[in-house]
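J.: One file is attached below, entry.csv, containing CSV, C-alpha atoms.
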chain,number,residue,atom,x,y,z
A,27,MET,CA,51.8,-19.1,-43.0
A,28,LYS,CA,50.7,-22.5,-42.1
A,29,LYS,CA,52.8,-22.4,-38.9
A,30,ARG,CA,51.2,-19.0,-38.0
A,31,MET,CA,47.7,-20.5,-38.4
A,32,ILE,CA,48.6,-23.4,-36.2
A,33,ALA,CA,50.0,-21.1,-33.6
A,34,LEU,CA,46.9,-18.9,-33.6
A,35,ALA,CA,44.7,-21.9,-33.2
A,36,LEU,CA,46.7,-23.1,-30.2
A,37,THR,CA,46.5,-19.6,-28.7
A,38,LEU,CA,42.7,-19.5,-29.0
A,39,THR,CA,42.4,-23.0,-27.6
A,40,LEU,CA,44.5,-22.1,-24.6
A,41,ALA,CA,42.5,-18.8,-24.0
A,42,ALA,CA,39.2,-20.7,-24.1
A,43,SER,CA,40.5,-23.3,-21.7
A,44,THR,CA,41.6,-20.5,-19.3
A,45,LEU,CA,38.1,-19.0,-19.4
A,46,LEU,CA,36.4,-22.3,-18.8
A,47,THR,CA,38.7,-23.8,-16.1
A,48,GLY,CA,40.3,-20.7,-14.4
A,49,CYS,CA,37.4,-18.3,-14.3
A,50,GLY,CA,34.3,-20.4,-14.9
A,51,ILE,CA,32.0,-20.2,-17.9
A,52,VAL,CA,31.5,-16.7,-19.3
A,53,LYS,CA,27.9,-15.9,-20.2
A,54,VAL,CA,26.9,-13.1,-22.4
A,55,VAL,CA,23.9,-11.2,-20.9
A,56,LYS,CA,21.6,-9.1,-23.0
A,57,ILE,CA,21.2,-5.5,-22.0
A,58,GLY,CA,18.1,-5.0,-19.8
A,59,GLU,CA,18.3,-8.6,-18.5
A,60,GLU,CA,21.1,-8.0,-15.9
A,61,GLY,CA,18.6,-8.2,-13.0
A,62,LYS,CA,17.9,-11.9,-13.7
A,63,TYR,CA,21.5,-12.7,-12.8
A,64,THR,CA,22.4,-10.0,-10.2
A,65,GLY,CA,19.1,-10.0,-8.4
A,66,ASP,CA,18.8,-6.2,-8.8
A,67,VAL,CA,15.4,-6.2,-10.6
A,68,GLU,CA,13.8,-2.9,-11.6
A,69,PHE,CA,11.3,-1.8,-8.9
A,70,ASN,CA,7.6,-1.6,-9.9
A,71,ALA,CA,5.3,-0.5,-7.1
A,72,GLY,CA,2.2,-1.4,-9.0
A,73,ASP,CA,3.3,-5.0,-9.4
A,74,ASP,CA,4.2,-5.2,-5.7
A,75,VAL,CA,0.8,-4.0,-4.6
A,76,GLU,CA,-1.1,-6.2,-7.1
A,77,ALA,CA,0.8,-9.2,-5.8
A,78,ILE,CA,-0.2,-8.7,-2.2
A,79,TRP,CA,-3.6,-7.0,-2.4
A,80,GLU,CA,-6.1,-9.9,-2.6
A,81,GLU,CA,-4.1,-12.6,-0.8
A,82,SER,CA,-2.5,-10.6,2.0
A,83,ALA,CA,-3.6,-7.0,2.4
A,84,LEU,CA,-7.4,-7.4,2.4
A,85,PRO,CA,-7.4,-10.5,4.7
A,86,GLU,CA,-5.1,-8.8,7.2
A,87,MET,CA,-7.2,-5.6,7.3
A,88,ASN,CA,-10.5,-7.5,7.6
A,89,GLU,CA,-9.1,-9.6,10.4
A,90,ASN,CA,-7.5,-6.7,12.4
A,91,ALA,CA,-10.2,-4.0,12.0
A,92,VAL,CA,-11.6,-2.7,15.2
A,93,ASP,CA,-15.1,-1.3,15.4
A,94,LEU,CA,-14.8,2.4,14.9
A,95,LYS,CA,-17.6,3.2,17.4
A,96,GLU,CA,-15.8,1.2,20.1
A,97,LEU,CA,-12.5,2.9,19.3
A,98,LEU,CA,-14.0,6.4,19.5
A,99,GLU,CA,-15.8,5.6,22.7
A,100,GLY,CA,-12.7,4.1,24.3
A,101,SER,CA,-10.4,7.0,23.2
A,102,ASN,CA,-12.6,9.6,24.9
A,103,GLY,CA,-11.4,12.3,22.5
A,104,ASP,CA,-7.7,11.3,22.5
A,105,LEU,CA,-7.1,8.9,19.7
A,106,THR,CA,-3.5,8.2,20.9
A,107,ALA,CA,-4.9,6.6,24.0
A,108,MET,CA,-5.8,3.4,22.2
A,109,ALA,CA,-2.4,3.0,20.4
A,110,ASP,CA,-1.1,0.1,22.5
A,111,GLU,CA,-4.2,-1.9,22.0
A,112,TYR,CA,-5.2,-1.2,18.4
A,113,GLY,CA,-2.8,1.2,16.7
A,114,LYS,CA,0.3,0.8,14.6
A,115,TYR,CA,3.1,3.4,14.3
A,116,SER,CA,4.8,3.8,10.9
A,117,MET,CA,8.3,3.4,12.4
A,118,GLY,CA,8.0,0.8,15.2
A,119,ASP,CA,7.2,2.8,18.3
A,120,SER,CA,7.3,6.2,16.7
A,121,GLY,CA,6.1,8.0,13.5
A,122,GLU,CA,2.5,8.3,12.4
A,123,LEU,CA,-0.1,6.4,14.3
A,124,SER,CA,-2.7,4.5,12.2
A,125,TYR,CA,-5.7,2.4,13.0
A,126,VAL,CA,-7.6,-0.2,10.9
A,127,VAL,CA,-11.3,0.2,11.5
A,128,LYS,CA,-14.7,-1.1,10.4
A,129,GLY,CA,-18.2,0.2,10.9
A,130,THR,CA,-21.7,0.9,9.5
A,131,GLY,CA,-23.4,4.3,9.2
A,132,THR,CA,-25.5,6.6,7.1
A,133,VAL,CA,-23.8,8.8,4.4
A,134,GLY,CA,-24.4,12.5,4.8
A,135,GLU,CA,-22.5,14.9,2.5
A,136,VAL,CA,-20.8,13.5,-0.7
A,137,ASN,CA,-18.2,15.9,-1.8
A,138,THR,CA,-17.0,15.3,-5.3
A,139,GLN,CA,-16.1,18.9,-6.0
A,140,SER,CA,-12.8,18.7,-4.2
A,141,GLN,CA,-9.9,16.8,-5.7
A,142,ALA,CA,-9.5,15.2,-2.3
A,143,GLY,CA,-13.2,14.1,-2.3
A,144,TYR,CA,-14.9,12.5,0.7
A,145,MET,CA,-18.2,11.6,2.1
A,146,THR,CA,-19.3,12.1,5.7
A,147,VAL,CA,-20.7,9.2,7.8
A,148,LYS,CA,-22.9,9.2,10.8
A,149,LEU,CA,-21.9,6.0,12.6
A,150,ASP,CA,-24.7,3.8,13.8
A,151,GLY,CA,-25.3,4.1,17.6
A,152,TYR,CA,-22.6,6.8,18.1
A,153,ASN,CA,-23.3,10.4,19.1
A,154,GLY,CA,-19.8,11.7,19.6
A,155,THR,CA,-18.5,15.0,18.1
A,156,GLU,CA,-15.8,13.5,15.9
A,157,SER,CA,-16.2,14.1,12.2
A,158,VAL,CA,-16.0,10.8,10.3
A,159,LYS,CA,-15.2,10.9,6.6
A,160,ILE,CA,-14.3,8.3,4.0
A,161,GLN,CA,-12.0,9.3,1.1
A,162,ILE,CA,-13.4,8.9,-2.4
A,163,GLY,CA,-10.7,10.7,-4.4
A,164,PRO,CA,-9.5,11.2,-7.0
A,165,VAL,CA,-6.7,12.4,-4.8
A,166,TYR,CA,-6.2,10.4,-1.6
A,167,LYS,CA,-4.4,11.9,1.4
A,168,GLY,CA,-1.9,10.1,3.5
A,169,SER,CA,-0.6,6.5,3.6
A,170,ALA,CA,-2.7,4.9,6.3
A,171,ILE,CA,-3.2,1.6,4.5
A,172,ARG,CA,0.5,1.1,3.7
A,173,ASP,CA,1.5,2.1,7.3
A,174,SER,CA,-1.1,-0.3,8.8
A,175,LEU,CA,0.1,-3.5,7.1
A,176,SER,CA,2.4,-5.6,9.1
A,177,PHE,CA,4.4,-7.0,6.1
A,178,ILE,CA,5.2,-3.7,4.4
A,179,LYS,CA,8.3,-2.2,6.0
A,180,PHE,CA,10.4,0.8,5.0
A,181,GLY,CA,13.6,-1.2,5.3
A,182,ASP,CA,12.5,-3.5,2.5
A,183,TYR,CA,12.7,-0.6,0.0
A,184,LYS,CA,15.8,1.2,-1.4
A,185,ASN,CA,14.7,4.8,-0.7
A,186,GLN,CA,11.9,7.2,0.2
A,187,GLU,CA,10.8,7.4,-3.5
A,188,GLN,CA,10.0,3.7,-3.6
A,189,TRP,CA,8.3,3.9,-0.2
A,190,ALA,CA,6.0,6.7,-1.4
A,191,ALA,CA,5.3,4.8,-4.6
A,192,VAL,CA,3.9,1.9,-2.7
A,193,SER,CA,1.4,4.1,-1.0
A,194,GLN,CA,0.5,5.7,-4.3
A,195,SER,CA,-0.1,2.3,-5.9
A,196,ILE,CA,-2.3,1.2,-3.0
A,197,ASN,CA,-4.4,4.4,-3.4
A,198,GLU,CA,-4.7,3.6,-7.1
A,199,VAL,CA,-6.1,0.1,-6.3
A,200,VAL,CA,-8.5,1.7,-3.8
A,201,ALA,CA,-9.8,4.1,-6.4
A,202,LYS,CA,-10.3,1.4,-9.0
A,203,ASP,CA,-11.4,-1.7,-7.0
A,204,VAL,CA,-13.1,-0.1,-4.0
A,205,VAL,CA,-14.4,3.4,-4.5
A,206,GLU,CA,-15.4,3.3,-8.2
A,207,PRO,CA,-17.6,0.2,-7.9
A,208,ALA,CA,-19.3,1.7,-4.8
A,209,LYS,CA,-20.6,4.6,-6.9
A,210,PRO,CA,-20.2,7.3,-4.2
A,211,ASP,CA,-22.5,9.7,-6.1
A,212,SER,CA,-25.4,7.4,-5.3
A,213,LEU,CA,-24.7,6.9,-1.6
A,214,GLN,CA,-26.1,10.0,0.0
A,215,GLY,CA,-28.6,9.1,2.7
A,216,LYS,CA,-27.9,5.4,2.4
A,217,THR,CA,-26.5,3.0,5.0
A,218,ILE,CA,-23.0,1.7,4.2
A,219,SER,CA,-20.5,-0.7,5.7
A,220,PHE,CA,-16.8,-0.1,5.5
A,221,VAL,CA,-13.4,-1.3,6.4
A,222,GLY,CA,-10.4,1.0,6.1
A,223,ALA,CA,-7.5,2.8,7.8
A,224,PHE,CA,-6.9,6.3,9.0
A,225,THR,CA,-3.9,8.2,10.4
A,226,VAL,CA,-4.3,10.2,13.6
A,227,SER,CA,-3.9,13.9,13.0
A,228,ALA,CA,-2.0,15.8,15.7
A,229,GLY,CA,-4.4,17.9,17.8
A,230,SER,CA,-7.5,16.5,16.1
A,231,SER,CA,-10.0,13.7,16.9
A,232,ASP,CA,-11.4,13.8,13.4
A,233,VAL,CA,-11.2,10.6,11.3
A,234,LEU,CA,-10.4,10.4,7.6
A,235,ILE,CA,-10.6,6.8,6.4
A,236,THR,CA,-9.1,5.3,3.3
A,237,PRO,CA,-11.4,2.4,2.5
A,238,VAL,CA,-10.5,-1.1,1.4
A,239,VAL,CA,-14.2,-2.3,1.6
A,240,LEU,CA,-17.1,0.0,0.9
A,241,GLU,CA,-20.6,-1.4,0.3
A,242,ALA,CA,-24.1,-0.1,0.4
A,243,LYS,CA,-26.4,-2.1,2.6
In structure tokens, what does this structure look like?
T.:
Amino acid sequence: MKKRMIALALTLTLAASTLLTGCGIVKVVKIGEEGKYTGDVEFNAGDDVEAIWEESALPEMNENAVDLKELLEGSNGDLTAMADEYGKYSMGDSGELSYVVKGTGTVGEVNTQSQAGYMTVKLDGYNGTESVKIQIGPVYKGSAIRDSLSFIKFGDYKNQEQWAAVSQSINEVVAKDVVEPAKPDSLQGKTISFVGAFTVSAGSSDVLITPVVLEAK
């Protein structure tokens, strides 16, 4: 019996030695913490957006915004005409075309009856026929902000689901941090300033802006 115990002890010692010297140190990982060691961390679009909103997204959009009045005047009814100068395509040189814009104007209609709510804006100093609207939710159409940002690229995400989730999270930040504090119900007839992005709709010169800055003057 004593010999068997000694033999078992030697066997265990040799096995431990093999693990330490032949295969490296073996570490037991708790379930749910695998990503810390593999780098495959669970995706969270909300965390991604919160991390870049104040420090990266807003500064870039404020810096790149072109005056909407100038953009509309220069496009002469064809919003694709200014793409090379001010626009950004969602897939390099193809896909949806978006612009980052800024401006001031007077609020006309405030539509809160529709789920995709909006308010119309008469731009200061502009008499064109285009309809200019700013989205006020609660449902926000499109992904103009996501597609306008230089540092957010489809190739950085695993699939279309994650790509769409980023846009949804951006729109949630817009609703909470931009639109809600502006109190759209109180803006009819008032002068506002805005910064935002819109995507060009095929065959239309109308503008539907998702705001990142919205303030009454």
J.: Nearest to Met145 of chain A among A:Asp211, A:Asp93, A:Glu111, A:Asp203, with distances taken over all atoms listed in the file: which residue is it?
T.: A:Asp211
J.: Hey, can you check how far atom CA of Tyr144 of chain A sits from atom CA of Val205 of chain A?
T.: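 Rounded to one decimal, the two atoms are 10.5 Å apart.
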J.: Nearest residue to Ser116 of chain A out of A:Ala191, A:Ile78, A:Ile162, A:Leu175, using only C-alpha atoms?
T.: A:Leu175
J.: Counting all atoms listed in the file, figure out which residue out of A:Leu105, A:Val238, A:Leu123, A:Ala142 gets nearest to Lys202 of chain A.
T.: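 Going through A:Leu105, A:Val238, A:Leu123, A:Ala142 one by one, the smallest distance to Lys202 of chain A is for A:Val238.
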J.: Rounded to one decimal place, report the atom CA of Met117 of chain A-atom CA of Arg172 of chain A distance in Å.
T.: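 Distance between the two atoms: 11.9 Å.
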J.: Report as a list in words all protein, DNA and RNA residues lying within 9 Å of Ser140 of chain A, evaluated on all atoms listed in the file, omitting residues in the same chain fewer than 2 positions from it.
T.: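 Skipping anything fewer than 2 positions along the chain leaves Asn137, Thr138, Ala142, Gly143, Tyr144, Gly163, Pro164 and Val165 of chain A.
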J.: Nearest to Lys243 of chain A: which of A:Ser231, A:Thr146, A:Ser174, A:Thr130 is it, counting all atoms listed in the file?
T.: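 So, comparing all the options, the nearest one is A:Thr130.
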